[in-house]
Structure formats: C-alpha cells, structure tokens
Amino acid sequence: AMSTALPNLEQLMISKLGSGHVYSDGDDPEEWDIDHINYIIHDINIISRFRKLRILDFCKAPLTGRYPVLFNFPLLQELSITCCQNLKFDLDMLRGFPLLEDLYCNDNQHLTGNISSLRVFKGTLKSLDIRRCLSVRGNFMELADFPHLKNLYLYNTAVTGDIRDINVHDFPALESLYLPDTVHGGMKYKFRHVSEVPSFMHTVHLLSQRTPALLSKHFLSRAFDWRLSEDSPDWYENHDWYESDVLGALRGLSPPFLLQFIQAGSRRGWSWCTFNRVYLCEINWLDPEPSSGSSDYEAYIE
C-alpha cells in the first residue's frame, strides 16, 4: 500500500522496529539471540518497489542474512548502512547503484569485499566512509584516479597500501584522508625500525607540500599518531614509567616512541616524543633555517 501511495519516494530510512516485530530473514540468515517465533514479521523486500529512491539509510535495522533486492536502485545517490550486525553483503553488490555518490558503512561485521569493486563508481563517487568493517580489504590506491572523490575514510578496515605511493596527479579532488594502520603511514601506523623513519618523514613532508589537502592539518600536527612497534628490536621499557603510572605521577617518563611534527614559522621538522607529548628528543628539521632578514625569521625563533 505504501509503495502505491508514494510511488515517487526518494528518501527512506530502515531502522529498529517496535517490540514484537521483526523483518523477514534474508538468504543464509544468522541466528537471533532471542526467540522470534511469536513475533510479527514484516516483509522487507517490499522496499524494492521504490524505484526512484535517491537516499537509503539502514540504521541498526534488525536484518539477518543477504537481501539482493535491497541493492538494486538505479537512481540511488546516497547509501548509509550503520550497525547492521547481521546483514550480509559484499562491496560487489553495490553495482546495483550505478549513480552512487556517497557511501557510508559503519560497524557492519558481515560486510566483505575488495575496494577495487568500487571502481565502477569512478565517475560518480564523492565520499567513501567505511569504518569498523574488518573484512573490507584491497589497496587504497585503487581509488587514486577518482576525479570527484573528496572524502576517503577507511578506519578499522583491512585495507593496505603505502601513502608514499601517492603522486602529484593522484586523488585530484580529495579534501580529507583517513587511512587504517594496515596502510604504511596510516593512522597509528607502527614502525618496525627507528632507522626507517627519517626517509619516511622526508617523503611525507614533500607530499604535504605538493598536495596540502591530502593530509589533514589536525592529524598532520600529531604525525597521525605514528609510533614505534612494541615488537621492534629498538623498543625498550622504562620501569620508572610503569611504577609512576601506578602512583599516578611522572607519566612523562614514558619512552619517546611517539612521533610528532614541529612547526616553527614556515619551517617544519619532526621528533620522537613521549606518549603525552610533553617531552621530545632532538628536532630533525625538514626545511632550511630562514635567513635572519626574512619576514618569517621572527616567527621561527619564537
């Protein structure tokens, strides 16, 4: 009845149902935590009749299994699937949305697939945000030639790659970038050896100069929380830190295994620092010192 009354519906949200109500199971359903024998079942497949949908949002919807009919809307531009823990789908299933511009998937444990499947959206995709979907894999550089992609967030996924592979013509429209620690240089990436850091920081500095929009100023100032791996042969423990941690004092004595950038005027450098960023080691400058007669010199010496 609803599909007949609203044949031109363009936006729809599927969310929780009231007590005693569930959606119909899909293919290969998961077992629910509670008995649904006496529940009223609602046929979710009827939404496939809304052929003019442009925005579709699944938020904590009690869906279980695979529903191919939910992934076939030729005019859809925005798709959001959040906290649908028993919904099973693959990135390849999104081919049913040929005009897709914005994709947001958050906390969906049964989402699988390779981001290379998204190359079908090269001409349309503007924002890709996949978080806490641990079975999503692939190399983020598969999206480097997307001309309209402005936002790329792949937090807590299995996506790999190396930010040093980004060249001057890659990600031409990108305004924000957030990569997982499985990417070399992603958020909270852990270095195996101290010796590999200087050349890496130099490369990232050149990248930030060449394409400033690629690296968020907020995350860049914190060096994306890059750090030394606990498994590194260069790692050592400071027992004073652990004792003081129990006493709630002198936490600044933690070993300097976190990285940070230092900005002095127009000059940038980097250093190792403690985890509370209070104490730092010697600064390794990436830019030459400004001349004493330059307009930037006063800002630098401050």
# chains A, B, ... in the order shown; residues from 1 in each chain; ligands from 1
$ residues_around --residues "stretch 144-161 of chain A" --least-positions-apart "3" --cutoff "9 Å" --atoms "only C-alpha atoms" --output "PyMOL selection string"
chain A and resi 101+114-115+119+121-141+164-166+169-187
$ residues_around --residues "A:Asn38" --least-positions-apart "6" --cutoff "12 Å" --atoms "only C-alpha atoms" --output "MDAnalysis selection string"
chainID A and resid 19:22
$ residues_around --residues "A:Thr274" --least-positions-apart "3" --cutoff "7 Å" --atoms "only C-alpha atoms" --output "ChimeraX atom specification"
/A:252,254-258,277-280
$ write_last_selection --atoms "all heavy atoms" --output "short mmCIF file (atom, residue, chain, number, x, y, z; two decimals), in the first residue's frame"
data_model
loop_
_atom_site.label_atom_id
_atom_site.label_comp_id
_atom_site.auth_asym_id
_atom_site.auth_seq_id
_atom_site.Cartn_x
_atom_site.Cartn_y
_atom_site.Cartn_z
N GLY A 252 55.31 11.50 32.29
CA GLY A 252 56.15 11.97 31.20
C GLY A 252 57.42 11.18 31.01
O GLY A 252 58.15 11.40 30.05
N SER A 254 57.61 8.16 30.19
CA SER A 254 57.44 7.07 29.23
C SER A 254 58.47 7.20 28.12
O SER A 254 58.89 8.31 27.77
CB SER A 254 56.03 7.12 28.63
OG SER A 254 55.82 8.35 27.96
N PRO A 255 58.92 6.09 27.54
CA PRO A 255 59.92 6.15 26.47
C PRO A 255 59.43 6.98 25.29
O PRO A 255 58.24 7.00 24.99
CB PRO A 255 60.10 4.68 26.08
CG PRO A 255 59.67 3.91 27.28
CD PRO A 255 58.55 4.71 27.88
N PRO A 256 60.31 7.67 24.59
CA PRO A 256 59.91 8.54 23.47
C PRO A 256 59.70 7.73 22.19
O PRO A 256 60.53 7.77 21.27
CB PRO A 256 61.10 9.50 23.35
CG PRO A 256 62.27 8.68 23.79
CD PRO A 256 61.76 7.78 24.88
N PHE A 257 58.59 7.04 22.11
CA PHE A 257 58.32 6.18 20.97
C PHE A 257 57.17 6.68 20.10
O PHE A 257 56.67 5.95 19.25
CB PHE A 257 58.01 4.75 21.45
CG PHE A 257 59.19 4.06 22.08
CD1 PHE A 257 59.00 3.12 23.07
CD2 PHE A 257 60.49 4.35 21.68
CE1 PHE A 257 60.09 2.47 23.64
CE2 PHE A 257 61.59 3.72 22.25
CZ PHE A 257 61.38 2.77 23.24
N LEU A 258 56.73 7.90 20.33
CA LEU A 258 55.69 8.50 19.51
C LEU A 258 56.32 9.59 18.65
O LEU A 258 57.30 10.22 19.05
CB LEU A 258 54.62 9.11 20.41
CG LEU A 258 53.27 9.48 19.78
CD1 LEU A 258 52.54 8.21 19.33
CD2 LEU A 258 52.41 10.25 20.78
N ARG A 277 53.29 13.64 24.85
CA ARG A 277 53.80 14.72 24.00
C ARG A 277 54.38 15.89 24.78
O ARG A 277 54.47 17.01 24.28
CB ARG A 277 52.70 15.21 23.05
CG ARG A 277 52.14 14.13 22.16
CD ARG A 277 51.11 14.67 21.18
NE ARG A 277 50.49 13.61 20.40
CZ ARG A 277 51.02 13.07 19.31
NH1 ARG A 277 52.16 13.52 18.85
NH2 ARG A 277 50.40 12.09 18.67
N VAL A 278 54.78 15.65 26.02
CA VAL A 278 55.37 16.71 26.84
C VAL A 278 56.88 16.80 26.62
O VAL A 278 57.44 17.88 26.50
CB VAL A 278 55.07 16.47 28.33
CG1 VAL A 278 55.81 17.48 29.20
CG2 VAL A 278 53.56 16.57 28.58
N TYR A 279 57.54 15.65 26.55
CA TYR A 279 58.99 15.62 26.38
C TYR A 279 59.34 15.11 24.99
O TYR A 279 58.76 14.13 24.53
CB TYR A 279 59.62 14.71 27.45
CG TYR A 279 59.32 15.18 28.86
CD1 TYR A 279 58.26 14.61 29.59
CD2 TYR A 279 60.06 16.20 29.45
CE1 TYR A 279 57.97 15.04 30.87
CE2 TYR A 279 59.77 16.62 30.74
CZ TYR A 279 58.72 16.05 31.44
OH TYR A 279 58.44 16.48 32.72
N LEU A 280 60.29 15.77 24.34
CA LEU A 280 60.66 15.38 23.00
C LEU A 280 62.17 15.29 22.85
O LEU A 280 62.93 15.91 23.60
CB LEU A 280 60.09 16.34 21.96
CG LEU A 280 60.56 17.80 21.99
CD1 LEU A 280 60.49 18.37 20.58
CD2 LEU A 280 59.66 18.62 22.91
#
$ residues_around --residues "A:Leu207" --least-positions-apart "4" --cutoff "12 Å" --atoms "only C-alpha atoms" --output "PyMOL selection string"
chain A and resi 163-170+200-203+211-215+220
$ atom_distance --atom1 "atom CA of A:Leu103" --atom2 "atom CA of A:Glu78"
6.1 Å
$ select_by_dssp --residues "stretch 56-283 of chain A" --states "helix (DSSP H, G or I)" --output "PyMOL selection string"
chain A and resi 68-71+91-96+115-121+140-143+163-165+194-210+212-214+217-221+223-225+239-247+251-253
$ write_last_selection --atoms "C-alpha atoms" --output "tab-separated table (two decimals), in the first residue's frame"
chain	number	residue	atom	x	y	z
A	68	PRO	CA	19.91	-8.94	-3.03
A	69	VAL	CA	16.71	-6.96	-3.71
A	70	LEU	CA	17.89	-4.21	-1.34
A	71	PHE	CA	20.88	-3.49	-3.57
A	91	LEU	CA	31.02	-4.38	-1.90
A	92	ASP	CA	30.46	-6.02	-5.27
A	93	MET	CA	26.70	-5.98	-4.58
A	94	LEU	CA	26.75	-2.17	-4.79
A	95	ARG	CA	26.85	-2.39	-8.59
A	96	GLY	CA	23.09	-2.10	-8.39
A	115	ILE	CA	37.57	-1.79	-2.60
A	116	SER	CA	38.62	-2.46	-6.19
A	117	SER	CA	34.92	-3.38	-6.66
A	118	LEU	CA	34.16	0.33	-6.23
A	119	ARG	CA	35.95	1.23	-9.44
A	120	VAL	CA	32.58	1.04	-11.18
A	121	PHE	CA	31.84	4.34	-9.40
A	140	PHE	CA	43.52	2.31	-1.22
A	141	MET	CA	45.46	3.40	-4.33
A	142	GLU	CA	42.76	1.66	-6.40
A	143	LEU	CA	40.81	4.91	-5.89
A	163	ILE	CA	50.99	6.72	1.34
A	164	ARG	CA	54.41	7.21	-0.26
A	165	ASP	CA	52.88	5.85	-3.48
A	194	VAL	CA	63.83	3.58	14.02
A	195	SER	CA	66.16	3.75	11.00
A	196	GLU	CA	63.27	3.77	8.51
A	197	VAL	CA	61.65	6.88	9.97
A	198	PRO	CA	63.89	9.74	8.63
A	199	SER	CA	63.37	8.92	4.95
A	200	PHE	CA	59.66	8.28	5.55
A	201	MET	CA	59.16	11.67	7.25
A	202	HIS	CA	61.02	13.39	4.44
A	203	THR	CA	58.77	11.79	1.82
A	204	VAL	CA	55.60	12.68	3.73
A	205	HIS	CA	56.83	16.26	4.11
A	206	LEU	CA	57.27	16.55	0.35
A	207	LEU	CA	53.82	15.05	-0.16
A	208	SER	CA	52.22	17.57	2.22
A	209	GLN	CA	53.91	20.44	0.38
A	210	ARG	CA	52.90	19.17	-3.03
A	212	PRO	CA	48.37	20.01	1.19
A	213	ALA	CA	44.71	18.97	1.04
A	214	LEU	CA	45.61	15.28	1.21
A	217	LYS	CA	46.33	19.67	9.42
A	218	HIS	CA	44.88	18.29	12.65
A	219	PHE	CA	46.25	14.79	12.11
A	220	LEU	CA	49.47	16.01	10.48
A	221	SER	CA	50.43	18.07	13.54
A	223	ALA	CA	52.05	12.91	12.87
A	224	PHE	CA	48.96	10.68	12.59
A	225	ASP	CA	49.96	9.08	15.92
A	239	HIS	CA	60.34	0.68	34.51
A	240	ASP	CA	60.11	4.05	36.22
A	241	TRP	CA	57.22	4.84	33.90
A	242	TYR	CA	55.28	1.75	34.89
A	243	GLU	CA	55.83	2.40	38.57
A	244	SER	CA	54.85	6.04	38.26
A	245	ASP	CA	51.81	5.05	36.24
A	246	VAL	CA	50.51	3.09	39.22
A	247	LEU	CA	51.20	6.03	41.52
A	251	ARG	CA	53.85	9.88	33.41
A	252	GLY	CA	56.15	11.97	31.20
A	253	LEU	CA	58.93	9.44	31.79
$ residues_around --residues "stretch 49-58 of chain A" --least-positions-apart "5" --cutoff "7 Å" --atoms "only C-alpha atoms" --output "list in words"
Ser3, Pro7, Asn8, Leu9, Glu10, Gln11, Leu12, Met13, Ile14, Ser15, Phe73, Leu75, Leu76, Gln77, Glu78, Leu79, Ser80, Ile81 and Thr82 of chain A
$ write_last_selection --atoms "N, CA, C and O atoms" --output "mmCIF file, in the first residue's frame"
data_model
loop_
_atom_site.group_PDB
_atom_site.id
_atom_site.type_symbol
_atom_site.label_atom_id
_atom_site.label_comp_id
_atom_site.auth_asym_id
_atom_site.auth_seq_id
_atom_site.Cartn_x
_atom_site.Cartn_y
_atom_site.Cartn_z
ATOM 1 N N SER A 3 3.938 1.624 -1.132
ATOM 2 C CA SER A 3 4.609 1.817 -2.417
ATOM 3 C C SER A 3 3.648 2.342 -3.474
ATOM 4 O O SER A 3 4.040 3.052 -4.399
ATOM 5 N N PRO A 7 4.695 6.473 -4.910
ATOM 6 C CA PRO A 7 5.492 5.880 -5.990
ATOM 7 C C PRO A 7 6.766 6.653 -6.309
ATOM 8 O O PRO A 7 7.698 6.101 -6.888
ATOM 9 N N ASN A 8 6.814 7.931 -5.915
ATOM 10 C CA ASN A 8 7.974 8.766 -6.226
ATOM 11 C C ASN A 8 8.874 9.006 -5.015
ATOM 12 O O ASN A 8 9.658 9.954 -5.009
ATOM 13 N N LEU A 9 8.747 8.174 -3.994
ATOM 14 C CA LEU A 9 9.552 8.326 -2.772
ATOM 15 C C LEU A 9 11.048 8.329 -3.116
ATOM 16 O O LEU A 9 11.532 7.447 -3.820
ATOM 17 N N GLU A 10 11.769 9.336 -2.595
ATOM 18 C CA GLU A 10 13.189 9.484 -2.917
ATOM 19 C C GLU A 10 14.111 9.206 -1.733
ATOM 20 O O GLU A 10 15.306 8.972 -1.924
ATOM 21 N N GLN A 11 13.591 9.243 -0.519
ATOM 22 C CA GLN A 11 14.430 9.049 0.663
ATOM 23 C C GLN A 11 13.748 8.111 1.646
ATOM 24 O O GLN A 11 12.556 8.248 1.918
ATOM 25 N N LEU A 12 14.529 7.154 2.175
ATOM 26 C CA LEU A 12 13.945 6.151 3.068
ATOM 27 C C LEU A 12 14.972 5.707 4.105
ATOM 28 O O LEU A 12 16.138 5.483 3.781
ATOM 29 N N MET A 13 14.515 5.603 5.368
ATOM 30 C CA MET A 13 15.355 5.057 6.435
ATOM 31 C C MET A 13 14.716 3.780 6.965
ATOM 32 O O MET A 13 13.522 3.746 7.265
ATOM 33 N N ILE A 14 15.524 2.743 7.103
ATOM 34 C CA ILE A 14 15.094 1.476 7.700
ATOM 35 C C ILE A 14 15.819 1.341 9.022
ATOM 36 O O ILE A 14 17.060 1.277 9.068
ATOM 37 N N SER A 15 15.087 1.295 10.125
ATOM 38 C CA SER A 15 15.717 1.276 11.440
ATOM 39 C C SER A 15 15.069 0.215 12.324
ATOM 40 O O SER A 15 14.478 -0.746 11.829
ATOM 41 N N PHE A 73 18.826 -0.187 -6.888
ATOM 42 C CA PHE A 73 18.066 1.047 -7.072
ATOM 43 C C PHE A 73 18.837 1.927 -8.051
ATOM 44 O O PHE A 73 19.846 2.544 -7.690
ATOM 45 N N LEU A 75 18.603 4.813 -9.343
ATOM 46 C CA LEU A 75 18.756 6.261 -9.167
ATOM 47 C C LEU A 75 19.417 6.633 -7.847
ATOM 48 O O LEU A 75 19.616 7.816 -7.561
ATOM 49 N N LEU A 76 19.790 5.652 -7.040
ATOM 50 C CA LEU A 76 20.320 5.932 -5.703
ATOM 51 C C LEU A 76 21.657 6.663 -5.770
ATOM 52 O O LEU A 76 22.552 6.292 -6.528
ATOM 53 N N GLN A 77 21.776 7.716 -4.937
ATOM 54 C CA GLN A 77 22.996 8.505 -4.874
ATOM 55 C C GLN A 77 23.691 8.415 -3.519
ATOM 56 O O GLN A 77 24.909 8.557 -3.443
ATOM 57 N N GLU A 78 22.928 8.195 -2.445
ATOM 58 C CA GLU A 78 23.498 8.123 -1.096
ATOM 59 C C GLU A 78 23.039 6.840 -0.411
ATOM 60 O O GLU A 78 21.840 6.579 -0.325
ATOM 61 N N LEU A 79 24.015 6.080 0.090
ATOM 62 C CA LEU A 79 23.715 4.843 0.816
ATOM 63 C C LEU A 79 24.461 4.852 2.138
ATOM 64 O O LEU A 79 25.677 5.060 2.183
ATOM 65 N N SER A 80 23.716 4.620 3.221
ATOM 66 C CA SER A 80 24.307 4.543 4.559
ATOM 67 C C SER A 80 23.834 3.258 5.235
ATOM 68 O O SER A 80 22.627 2.995 5.296
ATOM 69 N N ILE A 81 24.791 2.470 5.711
ATOM 70 C CA ILE A 81 24.464 1.229 6.427
ATOM 71 C C ILE A 81 25.267 1.233 7.725
ATOM 72 O O ILE A 81 26.495 1.140 7.713
ATOM 73 N N THR A 82 24.566 1.381 8.852
ATOM 74 C CA THR A 82 25.220 1.568 10.145
ATOM 75 C C THR A 82 24.720 0.552 11.164
ATOM 76 O O THR A 82 23.509 0.395 11.362
#
$ atom_distance --atom1 "atom CA of A:Asn72" --atom2 "atom CA of A:Ile40"
26.1 Å
$ atom_distance --atom1 "atom CA of A:Asp287" --atom2 "atom CA of A:Arg267"
5.4 Å
$ select_by_dssp --residues "stretch 73-188 of chain A" --states "strand (DSSP E)" --output "CSV table (one decimal) with N, CA and C atoms, in the first residue's frame"
chain,number,residue,atom,x,y,z
A,78,GLU,N,22.9,8.2,-2.4
A,78,GLU,CA,23.5,8.1,-1.1
A,78,GLU,C,23.0,6.8,-0.4
A,79,LEU,N,24.0,6.1,0.1
A,79,LEU,CA,23.7,4.8,0.8
A,79,LEU,C,24.5,4.9,2.1
A,80,SER,N,23.7,4.6,3.2
A,80,SER,CA,24.3,4.5,4.6
A,80,SER,C,23.8,3.3,5.2
A,81,ILE,N,24.8,2.5,5.7
A,81,ILE,CA,24.5,1.2,6.4
A,81,ILE,C,25.3,1.2,7.7
A,82,THR,N,24.6,1.4,8.9
A,82,THR,CA,25.2,1.6,10.1
A,82,THR,C,24.7,0.6,11.2
A,89,PHE,N,26.5,-8.6,3.3
A,89,PHE,CA,26.6,-8.0,1.9
A,89,PHE,C,28.1,-7.8,1.5
A,90,ASP,N,28.3,-7.7,0.3
A,90,ASP,CA,29.6,-7.5,-0.3
A,90,ASP,C,29.7,-6.2,-1.1
A,102,ASP,N,27.7,8.9,-2.5
A,102,ASP,CA,28.2,8.9,-1.1
A,102,ASP,C,27.9,7.5,-0.5
A,103,LEU,N,28.9,6.9,0.0
A,103,LEU,CA,28.8,5.6,0.7
A,103,LEU,C,29.3,5.7,2.1
A,104,TYR,N,28.5,5.3,3.0
A,104,TYR,CA,28.9,5.3,4.5
A,104,TYR,C,28.5,4.0,5.1
A,105,CYS,N,29.5,3.2,5.5
A,105,CYS,CA,29.3,1.9,6.1
A,105,CYS,C,30.0,1.9,7.5
A,106,ASN,N,29.3,1.8,8.5
A,106,ASN,CA,29.9,1.8,9.9
A,106,ASN,C,29.5,0.7,10.7
A,111,LEU,N,30.1,-7.2,6.4
A,111,LEU,CA,30.5,-6.5,5.2
A,111,LEU,C,31.8,-7.1,4.7
A,112,THR,N,31.9,-7.6,3.5
A,112,THR,CA,33.1,-8.1,2.9
A,112,THR,C,33.4,-7.5,1.6
A,113,GLY,N,34.6,-7.8,1.0
A,113,GLY,CA,34.9,-7.4,-0.3
A,113,GLY,C,36.1,-6.5,-0.5
A,114,ASN,N,36.5,-6.3,-1.7
A,114,ASN,CA,37.7,-5.6,-2.0
A,114,ASN,C,37.3,-4.2,-2.6
A,127,SER,N,32.2,10.7,-1.8
A,127,SER,CA,32.6,10.4,-0.5
A,127,SER,C,32.5,8.9,-0.2
A,128,LEU,N,33.6,8.4,0.4
A,128,LEU,CA,33.7,7.0,0.8
A,128,LEU,C,34.1,6.9,2.3
A,129,ASP,N,33.2,6.4,3.1
A,129,ASP,CA,33.5,6.3,4.5
A,129,ASP,C,33.1,4.9,5.0
A,130,ILE,N,34.1,4.1,5.2
A,130,ILE,CA,33.9,2.7,5.7
A,130,ILE,C,34.7,2.6,7.0
A,131,ARG,N,34.0,2.3,8.1
A,131,ARG,CA,34.6,2.3,9.5
A,131,ARG,C,34.2,1.0,10.2
A,135,SER,N,36.5,-6.8,7.4
A,135,SER,CA,36.7,-7.7,6.3
A,135,SER,C,36.8,-7.0,5.0
A,136,VAL,N,36.8,-5.7,5.0
A,136,VAL,CA,37.0,-4.9,3.8
A,136,VAL,C,38.5,-4.8,3.5
A,137,ARG,N,38.9,-5.2,2.3
A,137,ARG,CA,40.3,-5.3,2.0
A,137,ARG,C,40.6,-4.5,0.7
A,151,ASN,N,36.3,12.8,0.0
A,151,ASN,CA,36.5,12.3,1.4
A,151,ASN,C,36.7,10.8,1.3
A,152,LEU,N,37.8,10.4,1.9
A,152,LEU,CA,38.2,9.0,2.0
A,152,LEU,C,38.5,8.5,3.4
A,153,TYR,N,37.6,7.8,4.0
A,153,TYR,CA,37.8,7.3,5.4
A,153,TYR,C,37.7,5.8,5.4
A,161,GLY,N,48.3,-0.6,1.6
A,161,GLY,CA,48.9,0.4,0.7
A,161,GLY,C,50.0,1.1,1.4
A,162,ASP,N,50.5,2.2,0.7
A,162,ASP,CA,51.6,3.0,1.2
A,162,ASP,C,51.4,4.4,0.8
A,176,SER,N,39.9,15.3,2.4
A,176,SER,CA,40.2,14.6,3.7
A,176,SER,C,40.5,13.2,3.5
A,177,LEU,N,41.5,12.7,4.3
A,177,LEU,CA,42.0,11.3,4.1
A,177,LEU,C,42.3,10.7,5.5
A,178,TYR,N,41.7,9.5,5.7
A,178,TYR,CA,41.9,8.8,7.0
A,178,TYR,C,42.1,7.4,6.7
A,183,VAL,N,47.8,0.4,6.5
A,183,VAL,CA,48.4,1.1,5.4
A,183,VAL,C,49.7,1.7,6.0
A,184,HIS,N,50.8,1.6,5.2
A,184,HIS,CA,52.1,2.2,5.6
A,184,HIS,C,52.0,3.7,5.6
$ decode --residues "stretch 257-267 of chain A" --atoms "all heavy atoms" --output "tab-separated table (two decimals), in the first residue's frame"
chain	number	residue	atom	x	y	z
A	257	PHE	N	58.59	7.04	22.11
A	257	PHE	CA	58.32	6.18	20.97
A	257	PHE	C	57.17	6.68	20.10
A	257	PHE	O	56.67	5.95	19.25
A	257	PHE	CB	58.01	4.75	21.45
A	257	PHE	CG	59.19	4.06	22.08
A	257	PHE	CD1	59.00	3.12	23.07
A	257	PHE	CD2	60.49	4.35	21.68
A	257	PHE	CE1	60.09	2.47	23.64
A	257	PHE	CE2	61.59	3.72	22.25
A	257	PHE	CZ	61.38	2.77	23.24
A	258	LEU	N	56.73	7.90	20.33
A	258	LEU	CA	55.69	8.50	19.51
A	258	LEU	C	56.32	9.59	18.65
A	258	LEU	O	57.30	10.22	19.05
A	258	LEU	CB	54.62	9.11	20.41
A	258	LEU	CG	53.27	9.48	19.78
A	258	LEU	CD1	52.54	8.21	19.33
A	258	LEU	CD2	52.41	10.25	20.78
A	259	LEU	N	55.78	9.78	17.44
A	259	LEU	CA	56.33	10.78	16.52
A	259	LEU	C	55.44	12.02	16.47
A	259	LEU	O	54.23	11.93	16.65
A	259	LEU	CB	56.45	10.20	15.12
A	259	LEU	CG	57.57	9.18	14.92
A	259	LEU	CD1	57.34	8.35	13.67
A	259	LEU	CD2	58.93	9.88	14.85
A	260	GLN	N	56.06	13.16	16.23
A	260	GLN	CA	55.30	14.38	16.05
A	260	GLN	C	56.04	15.33	15.11
A	260	GLN	O	57.26	15.26	14.97
A	260	GLN	CB	55.04	15.08	17.37
A	260	GLN	CG	56.28	15.67	18.04
A	260	GLN	CD	55.95	16.44	19.31
A	260	GLN	OE1	54.80	16.48	19.73
A	260	GLN	NE2	56.94	17.04	19.91
A	261	PHE	N	55.27	16.19	14.45
A	261	PHE	CA	55.86	17.24	13.63
A	261	PHE	C	56.01	18.50	14.47
A	261	PHE	O	55.20	18.77	15.36
A	261	PHE	CB	54.97	17.54	12.41
A	261	PHE	CG	55.15	16.56	11.28
A	261	PHE	CD1	54.16	15.63	11.00
A	261	PHE	CD2	56.28	16.56	10.50
A	261	PHE	CE1	54.31	14.72	9.96
A	261	PHE	CE2	56.45	15.66	9.46
A	261	PHE	CZ	55.46	14.75	9.19
A	262	ILE	N	57.03	19.27	14.17
A	262	ILE	CA	57.28	20.55	14.82
A	262	ILE	C	57.18	21.64	13.77
A	262	ILE	O	57.82	21.54	12.72
A	262	ILE	CB	58.68	20.59	15.48
A	262	ILE	CG1	58.90	19.37	16.39
A	262	ILE	CG2	58.88	21.90	16.22
A	262	ILE	CD1	57.98	19.34	17.59
A	263	GLN	N	56.38	22.66	14.03
A	263	GLN	CA	56.24	23.77	13.10
A	263	GLN	C	56.76	25.04	13.76
A	263	GLN	O	56.27	25.46	14.81
A	263	GLN	CB	54.78	23.96	12.69
A	263	GLN	CG	54.58	24.87	11.50
A	263	GLN	CD	54.94	24.21	10.17
A	263	GLN	OE1	54.63	23.05	9.95
A	263	GLN	NE2	55.62	24.95	9.30
A	264	ALA	N	57.78	25.66	13.18
A	264	ALA	CA	58.35	26.92	13.69
A	264	ALA	C	58.34	27.91	12.54
A	264	ALA	O	59.22	27.88	11.68
A	264	ALA	CB	59.76	26.70	14.22
A	265	GLY	N	57.35	28.79	12.52
A	265	GLY	CA	57.19	29.67	11.37
A	265	GLY	C	56.86	28.82	10.15
A	265	GLY	O	55.95	27.99	10.18
A	266	SER	N	57.61	29.00	9.09
A	266	SER	CA	57.41	28.20	7.89
A	266	SER	C	58.26	26.94	7.88
A	266	SER	O	58.17	26.13	6.96
A	266	SER	CB	57.74	29.05	6.65
A	266	SER	OG	59.11	29.44	6.68
A	267	ARG	N	59.08	26.79	8.92
A	267	ARG	CA	60.00	25.65	8.98
A	267	ARG	C	59.37	24.48	9.71
A	267	ARG	O	58.80	24.63	10.79
A	267	ARG	CB	61.30	26.05	9.68
A	267	ARG	CG	62.43	25.05	9.48
A	267	ARG	CD	63.67	25.46	10.25
A	267	ARG	NE	64.83	24.69	9.81
A	267	ARG	CZ	66.00	24.65	10.45
A	267	ARG	NH1	66.16	25.35	11.56
A	267	ARG	NH2	67.00	23.92	9.98
